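Engineer: This is coords31.cif (mmCIF, C-alpha atoms and all ligand atoms).
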```cif
data_work
#
loop_
_atom_site.label_atom_id
_atom_site.label_comp_id
_atom_site.auth_asym_id
_atom_site.auth_seq_id
_atom_site.Cartn_x
_atom_site.Cartn_y
_atom_site.Cartn_z
CA MET A 187 23.33 13.11 1.92
CA ASN A 188 20.67 11.68 -0.38
CA ASN A 189 17.65 13.40 -1.73
CA ILE A 190 14.60 12.43 0.30
CA ALA A 191 11.43 11.34 -1.50
CA ILE A 192 8.01 9.89 -0.75
CA VAL A 193 5.19 8.68 -3.02
CA VAL A 194 1.78 7.45 -1.83
CA HIS A 195 -1.30 6.08 -3.58
CA GLY A 196 -4.94 5.47 -2.67
CA GLY A 197 -5.57 2.50 -4.95
CA ALA A 198 -6.13 1.78 -8.62
CA GLY A 199 -9.76 0.98 -7.88
CA ALA A 200 -13.20 1.55 -9.31
CA TRP A 201 -13.11 5.33 -9.08
CA GLU A 202 -15.80 7.58 -10.46
CA LEU A 203 -14.03 10.73 -11.54
CA GLY A 204 -15.43 13.80 -9.82
CA SER A 205 -17.09 11.79 -7.00
CA LYS A 206 -16.94 12.73 -3.34
CA ARG A 207 -15.00 9.53 -2.71
CA ILE A 208 -12.13 10.39 -5.04
CA ARG A 209 -11.92 13.94 -3.64
CA VAL A 210 -11.65 12.58 -0.11
CA GLY A 211 -9.16 9.91 -1.24
CA ARG A 212 -6.99 12.48 -2.98
CA ALA A 213 -7.00 14.74 0.09
CA ALA A 214 -5.86 11.79 2.22
CA CYS A 215 -3.02 11.10 -0.25
CA ASP A 216 -1.90 14.73 0.00
CA ALA A 217 -1.96 14.60 3.80
CA ALA A 218 -0.13 11.26 3.83
CA ALA A 219 2.64 12.44 1.48
CA LEU A 220 3.15 15.62 3.52
CA ALA A 221 3.23 13.70 6.82
CA GLY A 222 5.73 11.18 5.44
CA HIS A 223 7.83 13.99 4.01
CA ALA A 224 7.90 15.73 7.39
CA VAL A 225 9.26 12.54 8.95
CA LEU A 226 12.01 12.33 6.31
CA LYS A 227 12.84 16.02 6.58
CA ALA A 228 13.29 15.68 10.34
CA GLY A 229 15.86 12.91 9.69
CA GLY A 230 13.44 10.00 10.18
CA SER A 231 13.86 6.68 8.41
CA ALA A 232 12.13 5.62 5.22
CA LEU A 233 10.38 2.91 7.29
CA ASP A 234 8.98 5.50 9.71
CA ALA A 235 7.90 7.69 6.80
CA VAL A 236 5.94 4.98 4.99
CA GLU A 237 4.32 3.78 8.22
CA THR A 238 3.26 7.33 9.13
CA ALA A 239 1.88 7.94 5.64
CA VAL A 240 -0.05 4.65 5.56
CA HIS A 241 -1.65 5.40 8.95
CA ILE A 242 -3.30 8.45 7.40
CA LEU A 243 -4.50 6.40 4.44
CA GLU A 244 -5.76 3.61 6.75
CA ASP A 245 -7.77 6.23 8.63
CA CYS A 246 -9.43 7.58 5.48
CA PRO A 247 -12.99 6.21 5.19
CA ALA A 248 -12.92 6.51 1.40
CA LEU A 249 -9.98 4.11 1.02
CA ASP A 250 -9.98 0.32 1.26
CA ALA A 251 -7.58 -0.16 4.18
CA GLY A 252 -8.07 0.00 7.92
CA ARG A 253 -11.23 2.10 8.39
CA GLY A 254 -13.21 1.86 5.13
CA SER A 255 -12.04 -1.66 4.27
CA TYR A 256 -14.35 -3.59 1.97
CA LEU A 257 -16.38 -6.39 3.53
CA ASN A 258 -16.11 -10.04 2.59
CA LYS A 259 -19.13 -12.21 1.70
CA LEU A 260 -19.88 -12.73 5.39
CA GLY A 261 -19.84 -8.99 6.15
CA GLN A 262 -16.49 -9.28 7.94
CA VAL A 263 -13.39 -7.13 7.55
CA GLU A 264 -10.22 -9.11 6.78
CA MET A 265 -7.16 -6.97 6.16
CA ASP A 266 -3.69 -7.60 4.73
CA ALA A 267 -0.49 -5.53 5.04
CA LEU A 268 3.19 -5.66 4.15
CA ILE A 269 6.16 -3.48 5.12
CA MET A 270 9.69 -3.93 3.79
CA ASP A 271 13.05 -2.39 4.66
CA GLY A 272 15.21 -1.90 1.56
CA ARG A 273 18.43 -1.69 3.60
CA THR A 274 18.25 -5.19 5.10
CA LEU A 275 15.47 -6.79 3.02
CA ASN A 276 13.71 -7.45 6.33
CA LEU A 277 9.96 -7.57 5.99
CA GLY A 278 6.81 -8.11 8.00
CA ALA A 279 3.37 -9.07 6.76
CA VAL A 280 -0.07 -9.96 8.09
CA ALA A 281 -3.10 -11.39 6.29
CA SER A 282 -6.77 -11.90 7.16
CA ILE A 283 -6.31 -9.81 10.30
CA GLN A 284 -9.47 -8.55 12.00
CA ARG A 285 -10.26 -5.77 14.49
CA VAL A 286 -7.05 -3.81 14.02
CA ARG A 287 -7.13 -0.13 13.13
CA TYR A 288 -3.58 0.06 11.73
CA PRO A 289 -2.59 -3.25 10.10
CA ILE A 290 0.65 -1.75 8.73
CA SER A 291 1.96 -1.27 12.27
CA LEU A 292 1.12 -4.88 13.16
CA ALA A 293 3.06 -5.96 10.05
CA ARG A 294 6.00 -3.91 11.29
CA ARG A 295 5.80 -5.59 14.69
CA VAL A 296 5.92 -8.99 12.94
CA MET A 297 9.15 -7.77 11.33
CA THR A 298 10.72 -6.44 14.53
CA ASP A 299 9.26 -8.65 17.28
CA THR A 300 9.19 -12.16 15.82
CA GLU A 301 11.60 -14.49 14.10
CA HIS A 302 9.11 -14.81 11.24
CA THR A 303 8.06 -12.58 8.38
CA PHE A 304 4.38 -13.38 7.79
CA LEU A 305 1.53 -14.18 10.19
CA VAL A 306 -2.04 -14.92 9.10
CA GLY A 307 -5.53 -15.25 10.54
CA PRO A 308 -5.88 -16.54 14.10
CA GLY A 309 -2.09 -16.64 14.58
CA ALA A 310 -1.79 -12.98 13.62
CA ASP A 311 -4.68 -12.16 15.97
CA ALA A 312 -3.03 -14.07 18.80
CA PHE A 313 0.26 -12.25 18.18
CA ALA A 314 -1.54 -8.88 18.27
CA ASP A 315 -3.07 -9.76 21.64
CA GLN A 316 0.19 -11.15 22.99
CA ILE A 317 2.05 -7.88 22.35
CA GLY A 318 -0.87 -5.76 23.56
CA PHE A 319 -1.45 -4.32 20.09
CA PRO A 320 -4.49 -2.00 20.10
CA ARG A 321 -7.68 -3.78 18.95
CA CYS A 322 -10.84 -2.14 17.69
CA THR A 323 -14.42 -3.18 17.06
CA ILE A 324 -15.55 -4.12 13.58
CA GLU A 325 -17.93 -1.13 13.73
CA GLU A 326 -14.93 1.22 13.88
CA LEU A 327 -13.68 -0.20 10.56
CA ILE A 328 -16.98 -0.26 8.65
CA VAL A 329 -18.07 2.93 6.96
CA SER A 330 -21.84 3.41 6.76
CA SER A 331 -23.30 3.62 3.27
CA ASP A 332 -25.00 6.85 4.44
CA ASP A 333 -21.56 8.43 4.28
CA ASP A 334 -21.79 8.26 0.51
CA TYR A 335 -18.33 6.86 -0.16
CA GLU A 336 -19.68 4.24 -2.56
CA ASP A 337 -18.80 4.57 -6.22
CA ALA A 338 -20.16 2.07 -8.71
CA PRO A 339 -19.15 -1.35 -7.36
CA GLY A 340 -16.11 -2.63 -9.22
CA PRO A 341 -13.92 -5.68 -8.94
CA LEU A 342 -10.94 -3.81 -7.49
CA GLY A 343 -10.21 -2.38 -4.06
CA ASP A 344 -8.59 0.88 -3.17
CA THR A 345 -5.60 -0.51 -1.41
CA VAL A 346 -3.18 2.08 -0.08
CA GLY A 347 0.59 2.22 -0.28
CA ALA A 348 3.69 4.33 0.25
CA VAL A 349 7.32 4.17 -0.84
CA ALA A 350 10.09 6.39 0.48
CA MET A 351 13.80 7.19 0.39
CA ASP A 352 15.40 8.73 3.47
CA ALA A 353 18.41 11.04 3.79
CA GLU A 354 20.71 8.03 4.17
CA GLY A 355 19.50 6.59 0.88
CA ASN A 356 17.48 3.80 2.48
CA LEU A 357 14.32 2.70 0.73
CA ALA A 358 11.10 1.29 2.22
CA SER A 359 7.69 0.15 1.00
CA ALA A 360 4.37 -0.27 2.83
CA THR A 361 1.03 -1.62 1.54
CA SER A 362 -2.26 -2.04 3.41
CA THR A 363 -5.64 -3.27 2.17
CA GLY A 364 -9.06 -4.60 3.00
CA GLY A 365 -8.78 -6.64 -0.20
CA THR A 366 -11.48 -6.87 -2.81
CA ARG A 367 -15.17 -6.18 -2.24
CA ASN A 368 -17.33 -9.22 -1.41
CA LYS A 369 -14.31 -11.56 -1.45
CA MET A 370 -14.50 -15.12 -0.18
CA PRO A 371 -13.60 -15.37 3.51
CA GLY A 372 -9.92 -16.23 3.69
CA ARG A 373 -9.11 -14.74 0.31
CA VAL A 374 -5.71 -13.05 0.29
CA GLY A 375 -4.57 -10.92 -2.65
CA ASP A 376 -1.18 -9.66 -3.72
CA SER A 377 -0.87 -6.90 -1.13
CA PRO A 378 0.85 -8.79 1.74
CA LEU A 379 2.89 -11.02 -0.60
CA VAL A 380 6.48 -9.89 -0.78
CA GLY A 381 7.44 -9.07 -4.36
CA SER A 382 3.81 -8.87 -5.49
CA GLY A 383 2.11 -6.13 -3.44
CA GLY A 384 5.39 -4.43 -2.59
CA TYR A 385 9.16 -4.73 -2.56
CA ALA A 386 12.07 -2.60 -1.37
CA ASP A 387 15.77 -3.08 -2.05
CA ASN A 388 18.31 -0.28 -1.67
CA TRP A 389 20.17 -1.74 -4.64
CA THR A 390 17.25 -1.14 -7.01
CA ALA A 391 13.94 0.44 -5.92
CA ALA A 392 11.03 0.59 -3.50
CA VAL A 393 7.74 -0.37 -5.18
CA GLY A 394 4.06 -0.57 -4.24
CA ALA A 395 1.33 -2.21 -6.33
CA THR A 396 -2.45 -2.02 -6.38
CA GLY A 397 -5.14 -3.59 -8.54
CA GLN A 398 -6.26 -7.13 -9.32
CA GLY A 399 -4.35 -9.17 -6.79
CA GLU A 400 -5.08 -12.44 -8.57
CA SER A 401 -3.24 -11.11 -11.65
CA ILE A 402 -0.52 -9.13 -9.86
CA MET A 403 0.70 -12.15 -7.91
CA LYS A 404 1.08 -14.26 -11.06
CA VAL A 405 3.83 -11.99 -12.37
CA VAL A 406 5.23 -10.91 -8.95
CA LEU A 407 4.73 -7.38 -10.17
CA SER A 408 6.62 -5.24 -7.64
CA LYS A 409 9.78 -7.34 -7.85
CA ARG A 410 9.53 -7.13 -11.64
CA VAL A 411 9.82 -3.36 -11.36
CA CYS A 412 12.97 -3.77 -9.23
CA ASP A 413 14.43 -6.19 -11.78
CA LEU A 414 13.70 -3.76 -14.61
CA VAL A 415 15.43 -0.97 -12.65
CA SER A 416 18.36 -3.35 -12.17
CA ASP A 417 18.42 -3.76 -15.96
CA GLY A 418 18.89 0.02 -16.29
CA LEU A 419 15.36 1.40 -16.62
CA SER A 420 14.27 4.50 -14.69
CA ALA A 421 11.58 4.08 -12.04
CA GLN A 422 9.00 5.52 -14.43
CA ALA A 423 10.01 3.36 -17.40
CA ALA A 424 10.13 0.27 -15.18
CA CYS A 425 6.59 0.86 -13.83
CA GLU A 426 5.27 1.31 -17.37
CA ALA A 427 7.09 -1.77 -18.66
CA ALA A 428 5.84 -3.91 -15.76
CA ILE A 429 2.23 -2.91 -16.46
CA ARG A 430 2.67 -3.80 -20.15
CA LEU A 431 4.05 -7.15 -19.09
CA LEU A 432 1.07 -7.77 -16.79
CA GLU A 433 -1.34 -6.91 -19.60
CA GLU A 434 0.39 -9.09 -22.16
CA ARG A 435 1.14 -12.08 -19.97
CA VAL A 436 -1.98 -12.45 -17.81
CA GLY A 437 -4.22 -9.45 -18.50
CA GLY A 438 -5.41 -7.37 -15.61
CA GLU A 439 -5.58 -3.89 -14.24
CA CYS A 440 -3.21 -2.34 -11.78
CA GLY A 441 -1.29 0.69 -10.63
CA LEU A 442 2.32 1.06 -9.45
CA ILE A 443 4.37 3.59 -7.50
CA ALA A 444 8.16 3.43 -7.18
CA ILE A 445 11.29 5.28 -6.11
CA ASP A 446 14.58 4.00 -7.52
CA SER A 447 17.90 4.09 -5.71
CA GLN A 448 18.73 7.42 -7.38
CA GLY A 449 15.58 8.97 -5.89
CA ASN A 450 13.65 9.06 -9.18
CA VAL A 451 9.89 8.61 -8.95
CA GLY A 452 7.69 6.31 -11.04
CA ILE A 453 3.87 6.34 -11.14
CA ALA A 454 1.82 4.35 -13.68
CA ARG A 455 -1.56 2.67 -14.04
CA ASN A 456 -3.81 1.07 -16.64
CA THR A 457 -7.00 1.67 -14.64
CA ARG A 458 -9.27 4.69 -14.92
CA ALA A 459 -7.70 6.40 -11.95
CA MET A 460 -5.31 6.03 -9.02
CA PRO A 461 -5.09 8.95 -6.60
CA TYR A 462 -1.45 9.66 -5.75
CA ALA A 463 0.74 12.33 -4.19
CA PHE A 464 4.49 12.78 -3.85
CA VAL A 465 7.19 15.10 -2.57
CA VAL A 466 10.82 14.94 -3.71
CA GLY A 467 13.67 16.83 -2.02
CA MET A 468 14.14 18.57 1.34
CA ASP A 469 12.20 21.61 0.22
CA GLY A 470 10.14 19.83 -2.43
CA LYS A 471 6.58 20.85 -3.14
CA LEU A 472 3.63 18.49 -2.99
CA LYS A 473 2.60 17.14 -6.39
CA ASN A 474 -0.47 15.02 -6.95
CA GLY A 475 -2.81 13.49 -9.47
CA GLN A 476 -5.23 10.64 -10.06
N1 LIG B 501 -4.51 -5.52 -4.74
C1 LIG B 501 -5.60 -5.55 -3.80
C2 LIG B 501 -6.04 -6.97 -3.61
O1 LIG B 501 -6.11 -7.72 -4.57
C3 LIG B 501 -6.75 -4.73 -4.22
C4 LIG B 501 -6.40 -3.38 -4.78
O2 LIG B 501 -5.26 -2.98 -4.81
O3 LIG B 501 -7.28 -2.67 -5.23
O4 LIG B 501 -6.37 -7.34 -2.51
#
```
Go through the file and emit its structure as structure tokens.
Ligand code: ASP
Structural biologist:
Amino acid sequence: MNNIAIVVHGGAGAWELGSKRIRVGRAACDAAALAGHAVLKAGGSALDAVETAVHILEDCPALDAGRGSYLNKLGQVEMDALIMDGRTLNLGAVASIQRVRYPISLARRVMTDTEHTFLVGPGADAFADQIGFPRCTIEELIVSSDDDYEDAPGPLGDTVGAVAMDAEGNLASATSTGGTRNKMPGRVGDSPLVGSGGYADNWTAAVGATGQGESIMKVVLSKRVCDLVSDGLSAQAACEAAIRLLEERVGGECGLIAIDSQGNVGIARNTRAMPYAFVVGMDGKLKNGQ
């Protein structure tokens, strides 16, 4: 029996420390880590745990995924998500999806219900309708500025993510985002790109990334962390080394979470903050930070 573990994050975005938004984001991370841990403790799979955790983060109005997603230049919500199974390397992803409350679950349905791995835009919308996936109105996704979840506008989003290891030693990763604020319509960042926004391989690690998608995708950041673990680094050392590499090679700000195949946790960032929470072990206690 392996040690179970889950780590979640609420984005390496433009946080103002001490703001209402970061308090609400941190509380959502705590709730997400505990919910994912409960799934693992009950014998659930790493995939179920990360999907459950990301649902809670997608529901949080202070985080840039599902409800609370940033708007593009046309005032629309276009969301991206990726889920990956470290046991089989199966994955599912969606990009530029609209009017869906839980994009991570649609990504999972792409993985399980199609012969493809990645659906975008109108094709992803058509697939959602074809399988009777629940749709929502754009109003349900947009958070009113009266709710006071706005920190100083920054270039980054507050993408959410989760990585987990289940009792059988299987790893999984899930990432969901509304992308960057005021983006061009059709812009897709790193989040749904396998290897960039996330990666999971039982042989090495499960990883989730957040930050400047345009930089992250240039160095395929999440897969880099897995490769560094394969070279012998711990999850923590690999996250730190990957961020140094991003800085030196292309510049850019990001955050990373990881669990390696031994169940060790890694959490690193070079941004001002990244709310996170994790639980390791059957009877592990919640730990968190920003
Ligand atoms: N990586 C996301 C994107 O570029 C944004 C973020 O993580 O803050 O879409």
Engineer: Choose the residue, out of A:Phe304, A:Phe313, A:Tyr335, A:Tyr256, that has the smallest atom-to-atom separation from ligand LIG 501 (chain B); count all atoms listed in the file.
Structural biologist: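 That would be A:Tyr256, the residue with the smallest distance to ligand LIG 501 (chain B).
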Engineer: For Leu305 in chain A, please output as a list in words all residues within 9 Å (counting all atoms listed in the file; exclusion window: fewer than 4 positions along the same chain).
Structural biologist: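 Answer for this query is Gly278, Ala279, Val280, Ala281, Ile283, Ala293, Val296, Gly309, Ala310, Asp311 and Phe313 of chain A.
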Engineer: Within 10 Å of ligand LIG 501 (chain B), counting all atoms listed in the file: which residues, as a VMD selection string?
Structural biologist: chain A and resid 195 to 200 249 to 251 256 265 to 267 340 to 347 361 to 367 369 373 to 378 382 to 383 394 to 403 439 to 442 460
Engineer: Report, in Å to a single decimal, how far apart CA of Ala353 in chain A and CA of Gly222 in chain A are.
Structural biologist: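 So the two atoms, CA of Gly222 in chain A and CA of Ala353 in chain A, lie 12.8 Å apart.
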Engineer: At what distance in Å, to one decimal, does CA of Asp271 in chain A lie from CA of Met297 in chain A?
Structural biologist: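 Here the two named atoms are 9.4 Å from each other.
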Engineer: Within 6 Å of (1.4, 9.8, 4.4) (coordinates as in the file), grab all the protein and nucleic acid residues, counting all atoms listed in the file, and write them out as a list in words.
Structural biologist: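 Here the neighbourhood of the point contains Ala217, Ala218, Ala219, Ala221, Gly222, Thr238, Ala239, Val240 and Ile242 of chain A.
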Engineer: Between CA of Leu414 in chain A and CA of Asp446 in chain A, what is the spacing in Å?
Structural biologist: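 Those two atoms sit 10.5 Å apart.
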Engineer: Would you mind completing range 296-315 of chain A so that it carries N, CA, C and O atoms, and writing it out as a PDB file, keeping the file's coordinate frame?
Structural biologist:
```pdb
ATOM      1  N   VAL A 296       5.517  -7.633  13.359  1.00  0.00           N
ATOM      2  CA  VAL A 296       5.920  -8.990  12.940  1.00  0.00           C
ATOM      3  C   VAL A 296       7.388  -8.964  12.518  1.00  0.00           C
ATOM      4  O   VAL A 296       8.183  -9.847  12.844  1.00  0.00           O
ATOM      5  N   MET A 297       7.759  -7.901  11.799  1.00  0.00           N
ATOM      6  CA  MET A 297       9.150  -7.770  11.330  1.00  0.00           C
ATOM      7  C   MET A 297      10.120  -7.619  12.498  1.00  0.00           C
ATOM      8  O   MET A 297      11.176  -8.249  12.519  1.00  0.00           O
ATOM      9  N   THR A 298       9.749  -6.781  13.475  1.00  0.00           N
ATOM     10  CA  THR A 298      10.720  -6.440  14.530  1.00  0.00           C
ATOM     11  C   THR A 298      10.637  -7.364  15.746  1.00  0.00           C
ATOM     12  O   THR A 298      11.630  -7.529  16.443  1.00  0.00           O
ATOM     13  N   ASP A 299       9.453  -7.954  16.001  1.00  0.00           N
ATOM     14  CA  ASP A 299       9.260  -8.650  17.280  1.00  0.00           C
ATOM     15  C   ASP A 299       9.135 -10.161  17.161  1.00  0.00           C
ATOM     16  O   ASP A 299       8.846 -10.819  18.165  1.00  0.00           O
ATOM     17  N   THR A 300       9.266 -10.699  15.952  1.00  0.00           N
ATOM     18  CA  THR A 300       9.190 -12.160  15.820  1.00  0.00           C
ATOM     19  C   THR A 300      10.371 -12.635  14.964  1.00  0.00           C
ATOM     20  O   THR A 300      11.054 -11.834  14.326  1.00  0.00           O
ATOM     21  N   GLU A 301      10.543 -13.933  14.958  1.00  0.00           N
ATOM     22  CA  GLU A 301      11.600 -14.490  14.100  1.00  0.00           C
ATOM     23  C   GLU A 301      11.044 -14.871  12.741  1.00  0.00           C
ATOM     24  O   GLU A 301      11.715 -15.507  11.946  1.00  0.00           O
ATOM     25  N   HIS A 302       9.785 -14.469  12.506  1.00  0.00           N
ATOM     26  CA  HIS A 302       9.110 -14.810  11.240  1.00  0.00           C
ATOM     27  C   HIS A 302       8.891 -13.549  10.410  1.00  0.00           C
ATOM     28  O   HIS A 302       9.179 -12.440  10.860  1.00  0.00           O
ATOM     29  N   THR A 303       8.340 -13.733   9.223  1.00  0.00           N
ATOM     30  CA  THR A 303       8.060 -12.580   8.380  1.00  0.00           C
ATOM     31  C   THR A 303       6.565 -12.403   8.098  1.00  0.00           C
ATOM     32  O   THR A 303       6.142 -11.326   7.696  1.00  0.00           O
ATOM     33  N   PHE A 304       5.768 -13.444   8.275  1.00  0.00           N
ATOM     34  CA  PHE A 304       4.380 -13.380   7.790  1.00  0.00           C
ATOM     35  C   PHE A 304       3.487 -14.165   8.732  1.00  0.00           C
ATOM     36  O   PHE A 304       3.702 -15.364   8.926  1.00  0.00           O
ATOM     37  N   LEU A 305       2.500 -13.503   9.330  1.00  0.00           N
ATOM     38  CA  LEU A 305       1.530 -14.180  10.190  1.00  0.00           C
ATOM     39  C   LEU A 305       0.132 -13.965   9.623  1.00  0.00           C
ATOM     40  O   LEU A 305      -0.187 -12.866   9.155  1.00  0.00           O
ATOM     41  N   VAL A 306      -0.689 -15.013   9.676  1.00  0.00           N
ATOM     42  CA  VAL A 306      -2.040 -14.920   9.100  1.00  0.00           C
ATOM     43  C   VAL A 306      -3.100 -15.314  10.117  1.00  0.00           C
ATOM     44  O   VAL A 306      -2.828 -16.046  11.070  1.00  0.00           O
ATOM     45  N   GLY A 307      -4.326 -14.818   9.854  1.00  0.00           N
ATOM     46  CA  GLY A 307      -5.530 -15.250  10.540  1.00  0.00           C
ATOM     47  C   GLY A 307      -5.401 -15.316  12.051  1.00  0.00           C
ATOM     48  O   GLY A 307      -4.922 -14.383  12.686  1.00  0.00           O
ATOM     49  N   PRO A 308      -5.849 -16.447  12.636  1.00  0.00           N
ATOM     50  CA  PRO A 308      -5.880 -16.540  14.100  1.00  0.00           C
ATOM     51  C   PRO A 308      -4.492 -16.361  14.728  1.00  0.00           C
ATOM     52  O   PRO A 308      -4.379 -15.801  15.819  1.00  0.00           O
ATOM     53  N   GLY A 309      -3.448 -16.805  14.048  1.00  0.00           N
ATOM     54  CA  GLY A 309      -2.090 -16.640  14.580  1.00  0.00           C
ATOM     55  C   GLY A 309      -1.702 -15.173  14.648  1.00  0.00           C
ATOM     56  O   GLY A 309      -1.058 -14.720  15.608  1.00  0.00           O
ATOM     57  N   ALA A 310      -2.081 -14.421  13.622  1.00  0.00           N
ATOM     58  CA  ALA A 310      -1.790 -12.980  13.620  1.00  0.00           C
ATOM     59  C   ALA A 310      -2.595 -12.295  14.723  1.00  0.00           C
ATOM     60  O   ALA A 310      -2.081 -11.401  15.418  1.00  0.00           O
ATOM     61  N   ASP A 311      -3.850 -12.722  14.903  1.00  0.00           N
ATOM     62  CA  ASP A 311      -4.680 -12.160  15.970  1.00  0.00           C
ATOM     63  C   ASP A 311      -4.070 -12.457  17.338  1.00  0.00           C
ATOM     64  O   ASP A 311      -4.011 -11.582  18.202  1.00  0.00           O
ATOM     65  N   ALA A 312      -3.622 -13.686  17.513  1.00  0.00           N
ATOM     66  CA  ALA A 312      -3.030 -14.070  18.800  1.00  0.00           C
ATOM     67  C   ALA A 312      -1.763 -13.261  19.067  1.00  0.00           C
ATOM     68  O   ALA A 312      -1.517 -12.810  20.194  1.00  0.00           O
ATOM     69  N   PHE A 313      -0.961 -13.042  18.025  1.00  0.00           N
ATOM     70  CA  PHE A 313       0.260 -12.250  18.180  1.00  0.00           C
ATOM     71  C   PHE A 313      -0.102 -10.814  18.598  1.00  0.00           C
ATOM     72  O   PHE A 313       0.528 -10.240  19.491  1.00  0.00           O
ATOM     73  N   ALA A 314      -1.125 -10.248  17.933  1.00  0.00           N
ATOM     74  CA  ALA A 314      -1.540  -8.880  18.270  1.00  0.00           C
ATOM     75  C   ALA A 314      -1.897  -8.797  19.755  1.00  0.00           C
ATOM     76  O   ALA A 314      -1.467  -7.875  20.463  1.00  0.00           O
ATOM     77  N   ASP A 315      -2.670  -9.785  20.240  1.00  0.00           N
ATOM     78  CA  ASP A 315      -3.070  -9.760  21.640  1.00  0.00           C
ATOM     79  C   ASP A 315      -1.876  -9.968  22.570  1.00  0.00           C
ATOM     80  O   ASP A 315      -1.752  -9.318  23.613  1.00  0.00           O
TER      81      ASP A 315
END
```
